[in-house]
Every structure is written in structure tokens, then in C-alpha cells.
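First the structure, in the form of C-alpha cells, and then the observations on it.
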Amino acid sequence: MYCSSWQFWSSLHKGSSGRCPWLLFPFFTLWLFAPPPSQLSRCDWLCVMTRSDRVVNCSCDWLKSLDLSRVTAFSPAEDRFNMAASLRCFLRTGKNAVSALQRREFHRSLPAAVQVTVRDALNQAMDEELERDERVFLLGEEVAQYDGAYKVSRGLWKKYGDKRIIDTPITEMGFTGIAVGAAMAGLRPICEFMTFNFSMQAIDQVINSAAKTYYMSAGLQSVPIVFRGPNGASAGVAAQHSQCFAAWYGHCPGLKVVSPWNAEDAKGLLKSAIRDDNPVVFLENELMYGVPFEMSEESQSKDFTIPIGKAKVERQGTHVTMVTHSRYVSHCLDAAAVLAKEGIECEVINLRTIRPLDVDCIETSVMKTNHLVTVEGGWPQFGVGAEICARVMEGPAFNYLDAPATRVTGVDIPMPYAKILEDNSLPQIKDIIFSVKKTLNV
């Protein structure tokens, strides 16, 4: 059943009772170029746009006269022919059809989950806290006019100006001291390190000035400050830019140490860190900045926060507990997916906070699975995994272990520059799978 363009428009004109066919051009364009929903022809799609009780009845009456109601449009030609029929019926309805079109109600589907990168989540958190509290300000190298070395502070300088988004010279000791002094004076600074490897230049300010002051003043002088920036290995930046400082700062009383994984962690934990009256070390990961994650409607609220010191079970399991933080949560989830195909169900715990450590969450999981594997990108000696194993051994969960706990860590060497050596210096998914099977003796 072939229907040429001329026949199509001619049929429209004949059935339009003198109305100009070009008035239907928007509808024809919509039909021609926009794909219909699945299992609907373009003819049916046009009917959906108006009140179905009117249009379908008219079209069915018209189709019965031509005996086309039993014909399914399998070809574009048949589809166009049925389209012409529907349009003629639409024109015949006159004013009633127009008013029905004006009163049409489209089906409103549920909004799709919002994808937000870790970078944008951090930016949102700082933006909301800068707007909420005028005492909050950001300082660091290239955070203002350049929008940050990793574009985390994009747009903040234009919005809040030089007094609250401050570019500093390349002197970590200097601007960290300024930030700590400002916190003691009642402000709430966010001090950004271009990488936490450079925080070693300011270690005296972070530990001796920020971490110890509250204790040394008998609780009279708080230091509400956030030290944030990328931590751990990136890609091809060698030994002096690849170190993980989770264990270093987690060792020091007076500090809170946070290590987010996804966008929700980043936003909720950073907002909590900015509002906290204690110095908080906020360890981000450069390789996670551009990774998008789904964020719930709740997490997009300006009042959304995640309490510091609470871990999260990212995946339920019954055979083994995997405890990890930051980027390696993704590795553990990928390894768990592979092991699940072999009948091994892994429970994955995202620590979120290194200090204080959520020991209760870890112990509860170990008591259920009876096996423990820790995963981190830092060096093995005196690391986060070593502390977790010690806590489990000293607590009630030790009696529930059916096998020794296993640690998966970075290799005990400075980070090489060559990619193949770098890959072999950091935990990979295959290493996690091997350790799990070794722990379960399978």
C-alpha cells in the first residue's frame, strides 16, 4: 500500500474542509523526525497527543469504512497512510479537537537518576556551605581565577569574589598557617592542597597547630578547618605525587580523617567536615574526580550531610567481608561481582571515615561472614588495614573468624614512574579476587 508525498498532502487537503494543510506542518515534522515510543506507530503516537476517547473513536469509525482497522502498518508507506487517516479525523473534530488538544495531559514518568561527578559534588558542597555561612572561605594554589588545578572550585571565585576564594603563593607552610590562624580567630577555612604529598611542607601547621590546640587549651580554643585535596596514587606522577596519607593522618589524635568514594560521599562528608568544630583532613582521589555516580533526590538537598565516623555497607554478602575506602571501593565491588558468579558472596564496606574508625560496622559484618579482607592503596606497614586487623583481633569479632584476616595493599616501595611497574605496585581486581579465595581456601 504505497502512499506518495503528493497523495499524502492531497488527502489531507481533501479532508480538511477548506483548512490549509500547512497548518499541520508542526505535527508532520514531529511525526517524521521524532521516533515514537516502543510498540507505538507514529499514527498511534499522534492519537496519544489528544484526548484518546475522541480521536480513537473518530479514527476507528473512519478506518472501518476502509476496512483498515485490521491492517497493521509494517512499512513506512502504510504508516503514512494511517497517519493521513488520523489527521483527517483530527480536522473533522473542529473546535472540540482543538480544545481537547489544549487540555491534553501527558504521561509524567519518574525523573531519571541524576548523574553527578565527584568533582561537581565537591563543588556543590563548597558552594552551598559558602552561601550558608559567611565565615567559610577557600584558599589554596590556583583555586580562584584558574578554578582550581582539578576544576573542583570552578565558578566559586566569580560568585564569591577575592575575599572568600583566595589564590595563594606556592608555599604550603605559609597559607596553611594563615588558614589555621583564621580558624582560631573564628572563621571556617577550607585549605586546599594541590596534592596531599605537598602537605608535608605544612605538617607542623596541621599537626602541632591544628590537631593539638583544642587539647592544649583545655577545650577553650577550637580549630574548625578542613584540609582537602587529592590523596594517593594518580597515573604516571611517580613517587613524590603518589603517596597515600590515610594512615599518616589517621595516626594523630585531634584530627578527623575522611576518605570519600562516590559523589554522595563527597558532598555529604565535605559539608559535615566544614560544619565540624574540629580540624578535618579530607582525602580525595584524583582518579575519581571525573567519575559520575547516581545521586538520590535526598542527597541533592542543601541540608544533606553524612555523619563523620559512620561506614556504609555498599554490598551485602555472607561469605567474606571486604573493608576498603576511597577508589578501592570500586575495585572491591568489581571483584565481588566476579566472585558472585562463582558462588562467593562478598560484603563490601566503604569506610568513608578513617578516624574515627567505625569498628562496630566492621565487627558486625565479620561476625556474619566469618572472614575478613582489607583493601587499600597505601603501604602495608602500619597501614589502615593493619589497624583494622588489630581492632578485630582485640574485639569480640575475633572469635568468629574461621581464617586469618588478609590484607591487600600497595607494594612496599616508592611509586615507580613506568606504567607497567605502577600497575604492579597498586592493588588490582585480580589481587583482591586471589586474596578472597585464599582466605576462603577455595
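Letters A, B, ... go to the chains of the C-alpha cells in the order shown; residues in each chain start at 1; ligands are counted from 1 in the same order.
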| query | Taking the backbone alone, and naming residues the way the document does, which bits of segment 225-356 of chain A are alpha helix (DSSP H) by DSSP, as a ChimeraX atom specification? | reply | /A:246-250,263-275,328-340
Go ahead and save the picked residues with N, CA and C atoms, as a compact mmCIF listing (two decimals), in the first residue's frame.
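This is the output file out.txt:
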# COMPACT_ATOMS: atom_id res chain seq x y z
N ALA A 246 46.45 8.37 54.37
CA ALA A 246 45.36 7.99 55.27
C ALA A 246 45.89 7.50 56.60
N ALA A 247 46.90 6.63 56.57
CA ALA A 247 47.46 6.10 57.81
C ALA A 247 48.24 7.17 58.56
N TRP A 248 48.91 8.07 57.84
CA TRP A 248 49.69 9.13 58.48
C TRP A 248 48.79 10.01 59.35
N TYR A 249 47.76 10.56 58.74
CA TYR A 249 46.89 11.47 59.48
C TYR A 249 45.95 10.71 60.41
N GLY A 250 45.60 9.49 60.05
CA GLY A 250 44.77 8.68 60.93
C GLY A 250 45.47 8.31 62.23
N ALA A 263 30.10 10.28 44.64
CA ALA A 263 29.64 11.67 44.68
C ALA A 263 28.84 11.97 45.94
N GLU A 264 28.02 11.02 46.36
CA GLU A 264 27.22 11.23 47.57
C GLU A 264 28.11 11.34 48.80
N ASP A 265 29.13 10.47 48.89
CA ASP A 265 30.10 10.57 49.98
C ASP A 265 30.76 11.94 49.98
N ALA A 266 31.22 12.34 48.79
CA ALA A 266 31.98 13.58 48.67
C ALA A 266 31.18 14.78 49.15
N LYS A 267 29.94 14.88 48.70
CA LYS A 267 29.12 16.03 49.07
C LYS A 267 28.74 15.99 50.55
N GLY A 268 28.18 14.86 50.98
CA GLY A 268 27.69 14.77 52.36
C GLY A 268 28.78 14.89 53.40
N LEU A 269 29.92 14.27 53.14
CA LEU A 269 31.02 14.30 54.11
C LEU A 269 31.72 15.65 54.13
N LEU A 270 31.86 16.29 52.95
CA LEU A 270 32.53 17.60 52.93
C LEU A 270 31.68 18.64 53.66
N LYS A 271 30.37 18.59 53.50
CA LYS A 271 29.51 19.52 54.22
C LYS A 271 29.61 19.30 55.73
N SER A 272 29.67 18.03 56.14
CA SER A 272 29.83 17.73 57.57
C SER A 272 31.19 18.20 58.07
N ALA A 273 32.22 18.03 57.25
CA ALA A 273 33.57 18.45 57.64
C ALA A 273 33.64 19.97 57.83
N ILE A 274 33.01 20.72 56.93
CA ILE A 274 33.04 22.18 57.02
C ILE A 274 32.29 22.66 58.27
N ARG A 275 31.24 21.96 58.64
CA ARG A 275 30.45 22.36 59.81
C ARG A 275 31.06 21.87 61.12
N TYR A 328 39.26 2.30 46.02
CA TYR A 328 39.27 0.84 46.03
C TYR A 328 37.93 0.23 46.41
N VAL A 329 36.96 1.07 46.74
CA VAL A 329 35.59 0.57 46.87
C VAL A 329 35.11 0.05 45.51
N SER A 330 35.43 0.78 44.46
CA SER A 330 35.07 0.34 43.10
C SER A 330 35.74 -0.99 42.77
N HIS A 331 37.01 -1.13 43.11
CA HIS A 331 37.72 -2.37 42.84
C HIS A 331 37.06 -3.54 43.58
N CYS A 332 36.70 -3.31 44.83
CA CYS A 332 36.10 -4.38 45.62
C CYS A 332 34.72 -4.78 45.08
N LEU A 333 33.95 -3.80 44.66
CA LEU A 333 32.65 -4.11 44.09
C LEU A 333 32.78 -4.89 42.79
N ASP A 334 33.77 -4.53 41.97
CA ASP A 334 34.01 -5.27 40.73
C ASP A 334 34.47 -6.70 41.02
N ALA A 335 35.36 -6.83 42.00
CA ALA A 335 35.82 -8.17 42.39
C ALA A 335 34.66 -8.99 42.94
N ALA A 336 33.80 -8.36 43.73
CA ALA A 336 32.65 -9.07 44.30
C ALA A 336 31.71 -9.55 43.20
N ALA A 337 31.55 -8.76 42.15
CA ALA A 337 30.69 -9.17 41.04
C ALA A 337 31.24 -10.39 40.33
N VAL A 338 32.56 -10.43 40.17
CA VAL A 338 33.20 -11.60 39.55
C VAL A 338 33.05 -12.83 40.44
N LEU A 339 33.31 -12.66 41.72
CA LEU A 339 33.24 -13.80 42.65
C LEU A 339 31.81 -14.31 42.82
N ALA A 340 30.83 -13.41 42.66
CA ALA A 340 29.43 -13.84 42.79
C ALA A 340 29.07 -14.87 41.73
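The residue set within 8 Å of Ile225 of chain A, counting only C-alpha atoms and dropping same-chain residues fewer than 5 places from it, reads Ala179, Val180, Ala183, Arg188, Pro189, Ile190, Cys191, Ile274, Asp277, Asn278, Pro279 and Val280 of chain A.
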So that I can see what lies close to Met367 of chain A, please list as a compact mmCIF listing (two decimals) with N, CA, C and O atoms, in the first residue's frame the residues with an atom at most 10 Å from it, counting only C-alpha atoms and leaving out residues fewer than 5 positions away in the same chain.
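And here is the file that came out, selection_38.txt:
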# COMPACT_ATOMS: atom_id res chain seq x y z
N THR A 318 27.60 -12.85 52.43
CA THR A 318 27.55 -13.82 53.54
C THR A 318 28.84 -14.61 53.72
O THR A 318 29.01 -15.26 54.75
N THR A 321 33.97 -10.56 54.33
CA THR A 321 33.85 -9.10 54.47
C THR A 321 35.06 -8.43 53.84
O THR A 321 36.21 -8.78 54.17
N ILE A 362 32.34 -2.90 61.15
CA ILE A 362 33.25 -3.96 60.71
C ILE A 362 33.02 -5.23 61.51
O ILE A 362 32.91 -6.34 60.94
N LEU A 372 37.64 -11.98 56.76
CA LEU A 372 37.95 -10.56 56.61
C LEU A 372 39.09 -10.35 55.63
O LEU A 372 40.13 -11.00 55.73
N PRO A 396 35.45 -8.59 70.06
CA PRO A 396 34.66 -9.83 70.11
C PRO A 396 34.57 -10.55 68.78
O PRO A 396 34.28 -11.76 68.74
N ALA A 397 34.79 -9.85 67.66
CA ALA A 397 34.66 -10.49 66.35
C ALA A 397 35.76 -11.50 66.08
O ALA A 397 35.61 -12.37 65.21
N PHE A 398 36.87 -11.43 66.82
CA PHE A 398 37.98 -12.35 66.58
C PHE A 398 37.55 -13.81 66.75
O PHE A 398 37.97 -14.68 65.99
N ASN A 399 36.68 -14.08 67.70
CA ASN A 399 36.24 -15.45 67.95
C ASN A 399 35.34 -15.99 66.84
O ASN A 399 35.07 -17.19 66.79
N TYR A 400 34.89 -15.12 65.96
CA TYR A 400 34.02 -15.55 64.85
C TYR A 400 34.81 -15.83 63.57
O TYR A 400 34.24 -16.33 62.61
N LEU A 401 36.08 -15.49 63.55
CA LEU A 401 36.88 -15.70 62.34
C LEU A 401 37.16 -17.18 62.12
O LEU A 401 37.60 -17.88 63.03
| task | Identify, with DSSP run on backbone atoms, the residues in segment 149-374 of chain A assigned to strand (DSSP E or B), and express the list as a ChimeraX atom specification. | result | /A:165-167,188-192,226-230,256-258,280-284,292-295,312-315,320-324,346-350,353-355,372-374
